[in-house]
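Read the structure below first, then the notes.
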Amino acid sequence: MKWFISHDTLRSLFQETLEKDCGEKVSHCYQCGKCSAGCPISFQMDYLPNQIMRMVQLGMEDQVLSSRTIWLCASCLTCTVRCPREIDIAEIMDYLRRRAYKKQVIPLEETEIPLFNKIFLRNIELFGRLYEMGLIGMFNLLSGEFFKDFSCAPKMFLKRKIGIFPHRAKNIREIRDIFKRSGKLAHSKKDRLLHPKLLFLNLFRKFIGKIEKLK
Ligand code: SF4
Ligand code: SF4
């Protein structure tokens with residue numbers, strides 16, 4: 001796909017803001033490609049990690065934030081340790097995800113990733129440890145995959161891998177305090193599980209997909 005790079009995009013504040021907010025010097029990237037060569041998820045990405053770095057340098061904020069790459073990145077840090085310019089690319093990907101979430105520009109096919117992250121974190125905030133049944137139930141309900149992995153449940157129960165009731169961690173107050181303080185640091189207002197508009201669109205997409213399969 002071709003992009004039109006104008007004088008305005010080149011003068012955009014995107015790179016400057018990113019460098020200020022997450023402290024990583026994208027401007028130091030000289031496109032050696034070592035990050036992309038080592039990335040285990042690159043075959044699934046729409047833009048390779050080095051391409052994302054270049055797009056940030058060129059001020060292509062809309063394209064970067066709406067890319068699948070930033071949501072597929074598994075934060076494995078391979079790119080970060082390989083970069084000869086010592087750029088923490090994984091940290092940049094994390095920053096881009098937060099920015100995309102704030103601006104509500106998550107690609108529809110990837111809405112399940114932030115949804116899972118949010119439910120996981122809410123789970124830890126509530127119980128101080130993972131309550132698997134809550135996580136699975138909530139995720140299946142909100143993602144529209146109501147019976148996903150349902151057949152595995154009996155085996156997991158029998159092997160005591162999941163339990164019906166949650167167990168609270170002893171130091172739950174301290175854990176909740178961490179969440180409270182990190183929320184204040186991020187100046188976050190009410191932290192939703194996922195923007196209702198995206199949830200609705202995703203459920204609608206699944207519904208249409210199921211109907212098409214029946215045809
Ligand atoms: S941190 Fe993300 S971009 Fe970097 S190598 Fe791992 S999956 Fe790829
Ligand atoms: S490894 Fe570092 S310098 Fe090389 S392309 Fe990736 S980000 Fe740029």
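As shown in the structure tokens, the chain order sets the letters A, B, ...; within each chain, residues go from 1, and ligands are also counted from 1 in the order they appear.
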
Do you know which residues are within 9 Å of ligand 2 using only C-alpha atoms and all ligand atoms? Can you write them as a ChimeraX atom specification?
/A:26-37,49-54,79-89

Which residues are near ligand 1 in this structure, taking near to mean any atom at most 6 Å from a ligand atom and counting only C-alpha atoms and all ligand atoms? Format them as a ChimeraX atom specification.
/A:39-41,49,73-79,90

Keeping only N, CA and C atoms, write the selected residues as a CSV table (one decimal), in the first residue's frame.
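Contents of again22.csv, as written:
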chain,number,residue,atom,x,y,z
A,39,CYS,N,12.0,-11.0,15.4
A,39,CYS,CA,10.7,-11.0,16.0
A,39,CYS,C,9.9,-12.3,15.7
A,40,PRO,N,9.5,-13.0,16.7
A,40,PRO,CA,8.8,-14.3,16.4
A,40,PRO,C,7.4,-14.2,15.9
A,41,ILE,N,6.9,-13.0,16.0
A,41,ILE,CA,5.5,-12.8,15.5
A,41,ILE,C,5.4,-12.0,14.2
A,49,PRO,N,8.4,-4.5,12.8
A,49,PRO,CA,8.8,-3.6,13.9
A,49,PRO,C,9.6,-2.4,13.3
A,73,CYS,N,2.1,-7.8,19.0
A,73,CYS,CA,3.4,-7.8,19.7
A,73,CYS,C,3.2,-8.5,21.1
A,74,ALA,N,4.1,-9.5,21.3
A,74,ALA,CA,3.9,-10.3,22.6
A,74,ALA,C,4.9,-9.8,23.7
A,75,SER,N,5.5,-8.7,23.5
A,75,SER,CA,6.4,-8.1,24.5
A,75,SER,C,7.5,-9.1,24.9
A,76,CYS,N,8.0,-9.8,24.0
A,76,CYS,CA,9.0,-10.8,24.3
A,76,CYS,C,10.4,-10.2,24.5
A,77,LEU,N,10.5,-9.0,24.1
A,77,LEU,CA,11.8,-8.2,24.2
A,77,LEU,C,12.9,-8.6,23.3
A,78,THR,N,12.7,-9.6,22.4
A,78,THR,CA,13.8,-10.0,21.5
A,78,THR,C,14.3,-8.8,20.7
A,79,CYS,N,13.4,-8.0,20.2
A,79,CYS,CA,13.8,-6.8,19.4
A,79,CYS,C,14.6,-5.8,20.3
A,90,ALA,N,10.0,-2.9,22.5
A,90,ALA,CA,8.9,-3.5,23.2
A,90,ALA,C,8.1,-2.4,24.0

Could you name the residues that touch region 138-151 of chain A at 10 Å or less, counting only C-alpha atoms, but leaving out those on the same chain fewer than 4 positions away, as a PDB file with C-alpha atoms, in the first residue's frame?
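Writing done, so here's part-v3.pdb:
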ATOM      1  CA  THR A 111     -10.379  -6.127  20.046  1.00  0.00           C
ATOM      2  CA  GLU A 112     -10.069  -9.413  21.931  1.00  0.00           C
ATOM      3  CA  LEU A 115     -10.366  -7.121  26.233  1.00  0.00           C
ATOM      4  CA  PHE A 116      -8.434 -10.108  27.586  1.00  0.00           C
ATOM      5  CA  ASN A 117      -5.790  -7.816  29.122  1.00  0.00           C
ATOM      6  CA  LYS A 118      -8.408  -5.715  30.867  1.00  0.00           C
ATOM      7  CA  ILE A 119     -10.352  -8.702  32.257  1.00  0.00           C
ATOM      8  CA  PHE A 120      -7.104 -10.287  33.440  1.00  0.00           C
ATOM      9  CA  ASN A 123      -9.379 -10.175  38.017  1.00  0.00           C
ATOM     10  CA  GLU A 132      -9.669 -18.663  36.016  1.00  0.00           C
ATOM     11  CA  MET A 133     -13.404 -19.343  35.919  1.00  0.00           C
ATOM     12  CA  GLY A 134     -14.157 -15.629  36.166  1.00  0.00           C
ATOM     13  CA  LYS A 155     -10.876 -32.305  32.291  1.00  0.00           C
ATOM     14  CA  MET A 156      -9.519 -29.164  33.904  1.00  0.00           C
ATOM     15  CA  LEU A 193     -13.159  -3.133  30.134  1.00  0.00           C
ATOM     16  CA  LEU A 194     -13.388  -2.033  26.521  1.00  0.00           C
ATOM     17  CA  LEU A 199     -17.603  -4.423  22.118  1.00  0.00           C
ATOM     18  CA  PHE A 200     -20.823  -4.009  20.219  1.00  0.00           C
ATOM     19  CA  ASN A 202     -17.113  -7.059  17.667  1.00  0.00           C
ATOM     20  CA  LEU A 203     -20.200  -8.971  18.801  1.00  0.00           C
ATOM     21  CA  PHE A 204     -21.992  -7.876  15.647  1.00  0.00           C
ATOM     22  CA  ARG A 205     -19.064  -9.025  13.499  1.00  0.00           C
ATOM     23  CA  LYS A 206     -19.106 -12.456  15.190  1.00  0.00           C
ATOM     24  CA  PHE A 207     -22.841 -12.732  14.729  1.00  0.00           C
TER      25      PHE A 207
END

Applying 6 Å and only C-alpha atoms, which residues near region 63-68 of chain A remain after dropping the ones on its own chain fewer than 6 positions away? List them as an MDAnalysis selection string.
chainID A and resid 100 105:107

Expected file: the selected residues, C-alpha atoms, as a tab-separated table (two decimals), in the first residue's frame:
chain	number	residue	atom	x	y	z
A	100	ALA	CA	-4.41	3.54	20.48
A	105	VAL	CA	-8.55	3.14	17.15
A	106	ILE	CA	-8.15	-0.58	17.83
A	107	PRO	CA	-8.65	-2.68	14.66

Identify which of the residues A:Lys20, A:Leu96, A:Arg176, A:Ile136 lies closest to Cys152 (chain A), counting only C-alpha atoms when measuring atom-to-atom distances.
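Ranked by minimum distance to Cys152 (chain A), first place goes to A:Ile136.
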
Within 8 Å of Gln44 (chain A), counting only C-alpha atoms, which residues show up once you throw out same-chain ones fewer than 2 positions away? Write them as a list of chain:residue names, please.
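Surrounding residues, per the criterion: A:Ile41, A:Ser42, A:Asp46, A:Thr69, A:Leu72.
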
All alpha helix (DSSP H) positions in region 93-190 of chain A, as a PyMOL selection string
chain A and resi 93-103+112-127+132-143+153-158+172-185

Export of the given selection (C-alpha atoms) as an mmCIF file, in the first residue's frame:
data_model
loop_
_atom_site.group_PDB
_atom_site.id
_atom_site.type_symbol
_atom_site.label_atom_id
_atom_site.label_comp_id
_atom_site.auth_asym_id
_atom_site.auth_seq_id
_atom_site.Cartn_x
_atom_site.Cartn_y
_atom_site.Cartn_z
ATOM 1 C CA MET A 93 4.873 -1.016 21.283
ATOM 2 C CA ASP A 94 3.357 -0.869 24.762
ATOM 3 C CA TYR A 95 3.132 2.906 24.597
ATOM 4 C CA LEU A 96 1.487 2.705 21.156
ATOM 5 C CA ARG A 97 -1.109 0.248 22.484
ATOM 6 C CA ARG A 98 -1.980 2.606 25.339
ATOM 7 C CA ARG A 99 -2.255 5.516 22.928
ATOM 8 C CA ALA A 100 -4.412 3.539 20.484
ATOM 9 C CA TYR A 101 -6.652 2.414 23.338
ATOM 10 C CA LYS A 102 -7.085 5.975 24.531
ATOM 11 C CA LYS A 103 -7.941 7.148 21.018
ATOM 12 C CA GLU A 112 -10.069 -9.413 21.931
ATOM 13 C CA ILE A 113 -6.467 -8.712 22.925
ATOM 14 C CA PRO A 114 -7.161 -5.530 24.949
ATOM 15 C CA LEU A 115 -10.366 -7.121 26.233
ATOM 16 C CA PHE A 116 -8.434 -10.108 27.586
ATOM 17 C CA ASN A 117 -5.790 -7.816 29.122
ATOM 18 C CA LYS A 118 -8.408 -5.715 30.867
ATOM 19 C CA ILE A 119 -10.352 -8.702 32.257
ATOM 20 C CA PHE A 120 -7.104 -10.287 33.440
ATOM 21 C CA LEU A 121 -6.042 -7.146 35.296
ATOM 22 C CA ARG A 122 -9.492 -6.576 36.800
ATOM 23 C CA ASN A 123 -9.379 -10.175 38.017
ATOM 24 C CA ILE A 124 -6.058 -9.599 39.778
ATOM 25 C CA GLU A 125 -7.332 -6.336 41.262
ATOM 26 C CA LEU A 126 -10.391 -8.092 42.710
ATOM 27 C CA PHE A 127 -8.826 -11.278 44.042
ATOM 28 C CA GLU A 132 -9.669 -18.663 36.016
ATOM 29 C CA MET A 133 -13.404 -19.343 35.919
ATOM 30 C CA GLY A 134 -14.157 -15.629 36.166
ATOM 31 C CA LEU A 135 -11.632 -14.825 33.466
ATOM 32 C CA ILE A 136 -12.924 -17.479 31.054
ATOM 33 C CA GLY A 137 -16.611 -16.708 31.705
ATOM 34 C CA MET A 138 -16.241 -12.951 31.354
ATOM 35 C CA PHE A 139 -14.032 -13.207 28.277
ATOM 36 C CA ASN A 140 -16.342 -15.643 26.498
ATOM 37 C CA LEU A 141 -19.356 -13.517 27.307
ATOM 38 C CA LEU A 142 -17.907 -10.201 26.152
ATOM 39 C CA SER A 143 -16.069 -11.568 23.138
ATOM 40 C CA ALA A 153 -13.644 -27.612 31.302
ATOM 41 C CA PRO A 154 -14.454 -31.116 32.736
ATOM 42 C CA LYS A 155 -10.876 -32.305 32.291
ATOM 43 C CA MET A 156 -9.519 -29.164 33.904
ATOM 44 C CA PHE A 157 -11.917 -29.507 36.847
ATOM 45 C CA LEU A 158 -10.919 -33.125 37.383
ATOM 46 C CA ILE A 172 -5.196 -8.183 48.690
ATOM 47 C CA ARG A 173 -5.165 -4.682 50.239
ATOM 48 C CA GLU A 174 -1.593 -4.068 49.141
ATOM 49 C CA ILE A 175 -2.388 -5.284 45.648
ATOM 50 C CA ARG A 176 -5.411 -3.009 45.389
ATOM 51 C CA ASP A 177 -3.267 -0.162 46.610
ATOM 52 C CA ILE A 178 -0.835 -0.773 43.733
ATOM 53 C CA PHE A 179 -3.728 -0.569 41.266
ATOM 54 C CA LYS A 180 -5.013 2.602 42.896
ATOM 55 C CA ARG A 181 -1.636 4.286 42.766
ATOM 56 C CA SER A 182 -0.881 3.230 39.190
ATOM 57 C CA GLY A 183 -4.317 4.549 38.152
ATOM 58 C CA LYS A 184 -3.498 7.905 39.698
ATOM 59 C CA LEU A 185 -0.097 7.973 38.020
#
